[in-house]
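Encoded as structure tokens, the structure appears first; notes follow it.
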Amino acid sequence: MARAKPMSSVDHAWLRMDASTNLMMITGVLVFETPMDIDLLRERMRETILQYPPFRSRVVREPARAWWQEDESFDLNSHLHRVSLPGKADKLELEAFVADLTSQRLDMTKPLWQFHLVENYLGGQALVARIHHCIGDGIALVSVMLSMTEGEVAPQVTERNARMRARAAAAQEEPENPWDEMLRPFTRKAVNALNSAGNFTEKYLSLLTAPERFTDIGKIVNRFAKDAAALAMMPNDSRTRLKGKPGVAKAVAWNEPIPLTEVKAVGKAMGCSINDVLMACAAGAVRSYLLSCGDAVADDTDVRAMIPVNLRRPGDEWKLGNQFGLVPLTLPVGIEHPLLRVLEVRERMNALKGSAQAHLATWVLGLVGGMPKPVQKEVLDVLARKATAVMTNVPGPQTQLTLAGGRLKQILFWVPQSGDIGIGVSILSYNGGVQIGVIADKKLCPNPQEICDRFAPEFEKLAMGLLLNPWWPEVVAHMAADAKAVKEAKSAPQVLTPESAPPPAGVKPKFKKRSPFTAARNG
């Protein structure tokens with residue numbers, strides 16, 4: 001009898017989210033400048049991903065739960081297919097091929113993943129991977145996929161991946177408690193994942209080291225309850241052409257990478273994170289796209305995106321399963337000035353870092369994963385109606401990689417959208433570049449390349465505006481935590497802040513406007 005293992009309730013929730021209009025697959029594309037050795041590729045797959053039981057197991061479903069049942073007739077050839085593009089074998093053909101795959105269900109009688117090796121793409125090759133979300137989230141699957149690679153100029157990458165392969169083998173027998181995260185939503189790893197020093201985080205961590213301060217639990221529970229209520233009462237997203245009832249057909253697109261060093265430089269100059277800069281550029285690209293379609297974009301137009309937050313401890317990226325939460329980021333599409341848009345994104349992201357939203361989303365998924373499917377669908381549809389897009393940002397390796405003798409040029413991936421969400425934006429950094437990918441429902445956005453193509457110009461406008469904009473003489477005091485920090489701030493390169501930045505002529509400042517989530521939480 002083949003071994004069987006129960007699926008966690010969170011993973012089960014993702015399994016049951018499949019719909020004809022949105023299949024719960026994470027789709028990735030690895031583009032190679034030079035061809036791979038197919039036999040060596042199979043060997044690398046056996047050493048890495050096939051060491052994880054879910055990649056060798058089919059799913060056995062029951063009404064309220066599911067199991068991983070090892071497939072005794074597993075055949076790698078059923079999951080690795082060799083194909084050729086029929087025409088020019090260029091980027092347009094590969095995008096169309098990937099888009100068709102994103103609309104095709106995986107075979108439920110076999111392990112829920114499939115690779116297609118495109119053997120004639122632009123003089124090299126492309127490896128298209130489709131993996132069901134119930135196997136793992138984007139962080140885990142990107143990490144596991146890259147464990148097959150080796151570092152061309154960095155031996156430490158090869159050593160790291162060798163360690164991951166050993167961990168994969170050891171992970172087969174690792175015990176799990178699928179209810180642990182649901183019953184203990186505020187674990188140390190979940191709180192640390194927010195990278196925040198807010199009052200909520202500080203007070204919770206103090207309880208871990210000083211249990212006598214148990215009276216503070218009421219405040220933590222109150223924050224959790226307020227965030228849950230804020231999410232429930234948050235209004236549905238703005239009506240734009242990107243929001244509507246999706247169909248079955250999808251379209252995918254990607255851009256040429258943007259230099260990561262330039263993104264870092266802009267973020268440092270503005271006192272913002274790399275993620276703040278990239279999300280603001282995404283907002284600008286959406287704004288430009290809507291205007292090009294003839295749509296009116298008001299000053300207060302917002303487009304809400306659900307942002308995954310990794311809840312793993314550092315070093316646990318190799319573990320499969322879904323260990324992430326979601327936070328609702330309202331993109332300030334109505335702000336025209338690129339500098340002000342970045343600062344507004346920073347303010348909204350900072351407001352979310354002090355919340356319990358990421359933990360709340362994981363808790364909800366764990367809870368509904370054990371409920372009847374109609375109940376799960378109703379709960380998740382309510383959440384989906386509050387957003388237009390899903391946006392992810394995954395940091396990748398910053399050295400040149402090879403796989404089975406092929407030189408890896410680009411890494412792309414797209415996460416699925418649940419309910420009626422029709423747009424997915426994925427950001428991944430690799431080898432000194434930042435890669436943007438967009439997947440869209442064809443009914444809502446027939447050509448997502450028009451959004452991708454606007455991303456680099458938006459970043460260029462931001463960088464140019466930063467160079468031309470005068471520096472303000474002071475850093476406001478509230479940016480410093482104490483007198484020492486104030487002194488350091490005065491001697492450091494000066495940064496733009498919402499309060500110190502006079503708005504350009506004709507541009508109204510938006511900093512006093514709170515996001516819908518922040519407004520609902522704070523009352």
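By convention in this document, the chains of the structure tokens carry letters A, B, ... by their order, each chain's residues are numbered from 1, and ligands are numbered from 1 in the order they are shown.
Residues surrounding A:Val333 within 8 Å are Ala283, Gly284, Val286, Arg287, Val297, Asp300, Thr301, Asp302, Val303, Leu331, Ile335 and Glu336 of chain A [only C-alpha atoms; sequence separation below 2 positions excluded].
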Show me, as a compact mmCIF listing (two decimals) with N, CA, C and O atoms, in the first residue's frame, the residues that have an atom within 6 Å of A:Thr402 when counting only C-alpha atoms, minus same-chain residues fewer than 3 positions from it.
# COMPACT_ATOMS: atom_id res chain seq x y z
N THR A 149 19.39 24.30 -10.09
CA THR A 149 20.41 25.04 -10.83
C THR A 149 21.76 25.00 -10.13
O THR A 149 21.89 24.57 -8.98
N GLU A 150 22.75 25.51 -10.84
CA GLU A 150 24.09 25.66 -10.28
C GLU A 150 24.59 27.06 -10.61
O GLU A 150 24.17 27.67 -11.60
N GLY A 406 22.46 24.40 -19.52
CA GLY A 406 21.86 25.56 -20.15
C GLY A 406 22.06 26.81 -19.32
O GLY A 406 21.94 26.77 -18.09
N ARG A 407 22.38 27.92 -19.98
CA ARG A 407 22.64 29.19 -19.27
C ARG A 407 21.31 29.92 -19.09
O ARG A 407 20.65 30.29 -20.06
N LEU A 408 20.92 30.14 -17.82
CA LEU A 408 19.62 30.72 -17.49
C LEU A 408 19.65 32.23 -17.69
O LEU A 408 20.44 32.94 -17.07
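Here atom CA of A:Ser147 is placed at a distance of 14.7 Å from atom CA of A:Leu127.
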